[in-house]
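Undergrad: Can you keep this structure in mind? I'll have questions shortly.
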Number of protein chains: 2
Amino acid sequence: MAETGRRVDENLTADPGRERSLATFRELGEFGFIDKIARHGLADTSRVVCGIGDDCAVFEGKNDRVTLVTTDLMVEEVHFKIATTKAEHLGCKLLSVNLSDIAAMGGEPREAVVSLAVPGDIQVAFIEGIYSGLHTRAKEFDVNVVGGDTTASPGPLVMNLTLTGEMEKRQVCYRSGASPGDLLYVSGTLGDSLAGLKISRGEFSTCPEEDRRFLQGRHHDPTPRVALGQALAATGGVSAMMDLSDGLSSDLGHICGCSGVSAAVRSASIPVSDELVGLCEGDRKDAALMGLSGGEDYELLFTVAPEIRETVEALGDADGLPKVTWIGQIEEGSGEMFLESETGERSTPRPGRSHHFS
Amino acid sequence: MAETGRRVDENLTADPGRERSLATFRELGEFGFIDKIARHGLADTSRVVCGIGDDCAVFEGKNDRVTLVTTDLMVEEVHFKIATTKAEHLGCKLLSVNLSDIAAMGGEPREAVVSLAVPGDIQVAFIEGIYSGLHTRAKEFDVNVVGGDTTASPGPLVMNLTLTGEMEKRQVCYRSGASPGDLLYVSGTLGDSLAGLKISRGEFSTCPEEDRRFLQGRHHDPTPRVALGQALAATGGVSAMMDLSDGLSSDLGHICGCSGVSAAVRSASIPVSDELVGLCEGDRKDAALMGLSGGEDYELLFTVAPEIRETVEALGDADGLPKVTWIGQIEEGSGEMFLESETGERSTPRPGRSHHFS
């Protein structure tokens, strides 16, 4: 993690939050930390269908519907750099990552509130650009931005958005329902966002302009799969679903862990774009490796019973919805994930990690 | 505003977010900025009862009820200092400032999501302390903390909480309903939080230990007036209500501006605690001045029709609810606020400002 802007005075031990002898947040890591805080109980469980641990929290709504809530934080120098990002894209992406969480449950997005901690030296036009991008995306997805909080920041630009959603209670797609025998699918193509980030960082300088634009667009302005999520939920046959933010090799572990199963992914089936294959000089295997470990694709990863295979694949070919690809299957096990080569050999992939600027 | 942790390179003009020639966030200020962003339209107005500009956003709920949403950001070195704040108090306060917004509409708090951007060198025990305080307060007010987002921060500790609430649609107390002739009330005592902050900064070193504890407690651990807000809304006679976060002299301007009226406050009626008067060496006028300009009291400021004066004052004497004090009246006008001395002379108070660490 970058330490930009942090002044650590090793001699300052009087500060109770900064004692050096005990475990720090960096040592524990984000997931260890979430485990720690998830242990706190709820005040009134009667209202809550699902708390911490899925893409959204789910609680009782009107009639047979539920309300979904998700929140996402984006921090300058961790999730983005101002010098290499358009303000409009930042605003779009802040909403898109939350829309992707609503999509991952199969829900309809509703209302958003947005908080900004703004450094004093940022020009107002840049912040207006963020709001402009945010509102453009909000209109596309019928989201009302109903309020927020704006404050000064002595450090990075920090943005937080909380988004609500709604859906039929019986259709909610959790991470925890995958069963042995279920088929594993993914939408769209994987690895494009990682490639786009690398291009923005100055790698792949010989990449053709058109491919470069496509791949960078996939990184800076991902399309949340809201309509596909709703269509999948409406089939009633999706046993588990989540969105891909940290990368397939990391995120699939959550479905396996929550469902108490294992999964095998055929590496040759990982869907990759022609642009990514081009970037990998025609090497489809290299492209698939980027697809396996790259984060921030915001595609949907889901499991279905074999009986509805045709229904699901027809959906993915319908107008305006991204293609869905069968990439593997769910097996008995306890959270393991295997990669299967074309000759049937199995290996355990290294978990991908978020490719934020950290 | 403090510039801690910000490295501004005056020669760096290639950074599109940091051009020095155009208006910066610091130059425009928070309120100018909110005016700018509030102009963006909503995607679907049919769902929204009230958007940006009140303590909470209000949208249609089940039956004749509405859902309330509020969000608040707390930034290290702007809203708090780690060295002088207990972790548990921080967590409590993060929820309390949001509870206070729900109280200001008269609502019942429901579900919360919390986001943290955490510097790598903060010890885990400190962050656990924040959650511990947060969950203690959540249990007191029957709030479910249903999820959140945790990420690294290259700068300050940043915390954001979004809280939902619920209430009868016809009982919602907006800022915009005050009419000439209405009486102006405030709950509790004012100025204690500012005094507590000054004590924490090393001022008033001769203040007796017991008074010091009370005043610092009012700053670090304010009590949101949720039950009072609900009781007031239930009378059906509150014409306008808000919570006091920036101080009476600033916040009253919002009620006047939103309602299209003016207000006169009798300075001798501003309620102050014995502890604050003691701190001001017995000078009640000095204490009232701190009450007028000091922020972060999180008391309720509201206007009522004269007919329900007795009902409202009886409420404020009921078990467990803070006292309410009649401090002035609403008049015809266009947003002015006057201070009335005991001899009837009128002056215009300087607007208070948030006494954050900025």
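Numbering starts fresh at 1 for the residues of each chain in the structure tokens, the chains themselves are lettered A, B, ... in the order given, and ligands are numbered from 1 as they appear.
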Please provide the set of residues having any atom within 10 Å of segment 172-183 of chain B, restricted to only C-alpha atoms, with same-chain residues fewer than 5 positions apart removed, written as number ranges by chain.

TA: B: 50, 53-56, 58, 65-66, 68, 103-107, 166-167, 229-230, 232-234, 236-243, 252, 254-264, 301-309, 326-333

Undergrad: After a least-squares superposition of chain B on chain A over all Cα atoms matched in order, what is the RMSD to one decimal?

TA: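 C-alpha RMSD after optimal superposition stands at 0.0 Å.
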
Undergrad: Return as a ChimeraX atom specification the full set of residues in segment 82-161 of chain A whose backbone-based DSSP assignment is strand (DSSP E).

TA: /A:108-119,144-153,158-161

Undergrad: Which residue, B:Lys323, B:Arg110, B:Arg170, B:Lys93, has the smallest gap to chain A when you use only C-alpha atoms?

TA: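 The answer is B:Arg110, which sits nearest to chain A.
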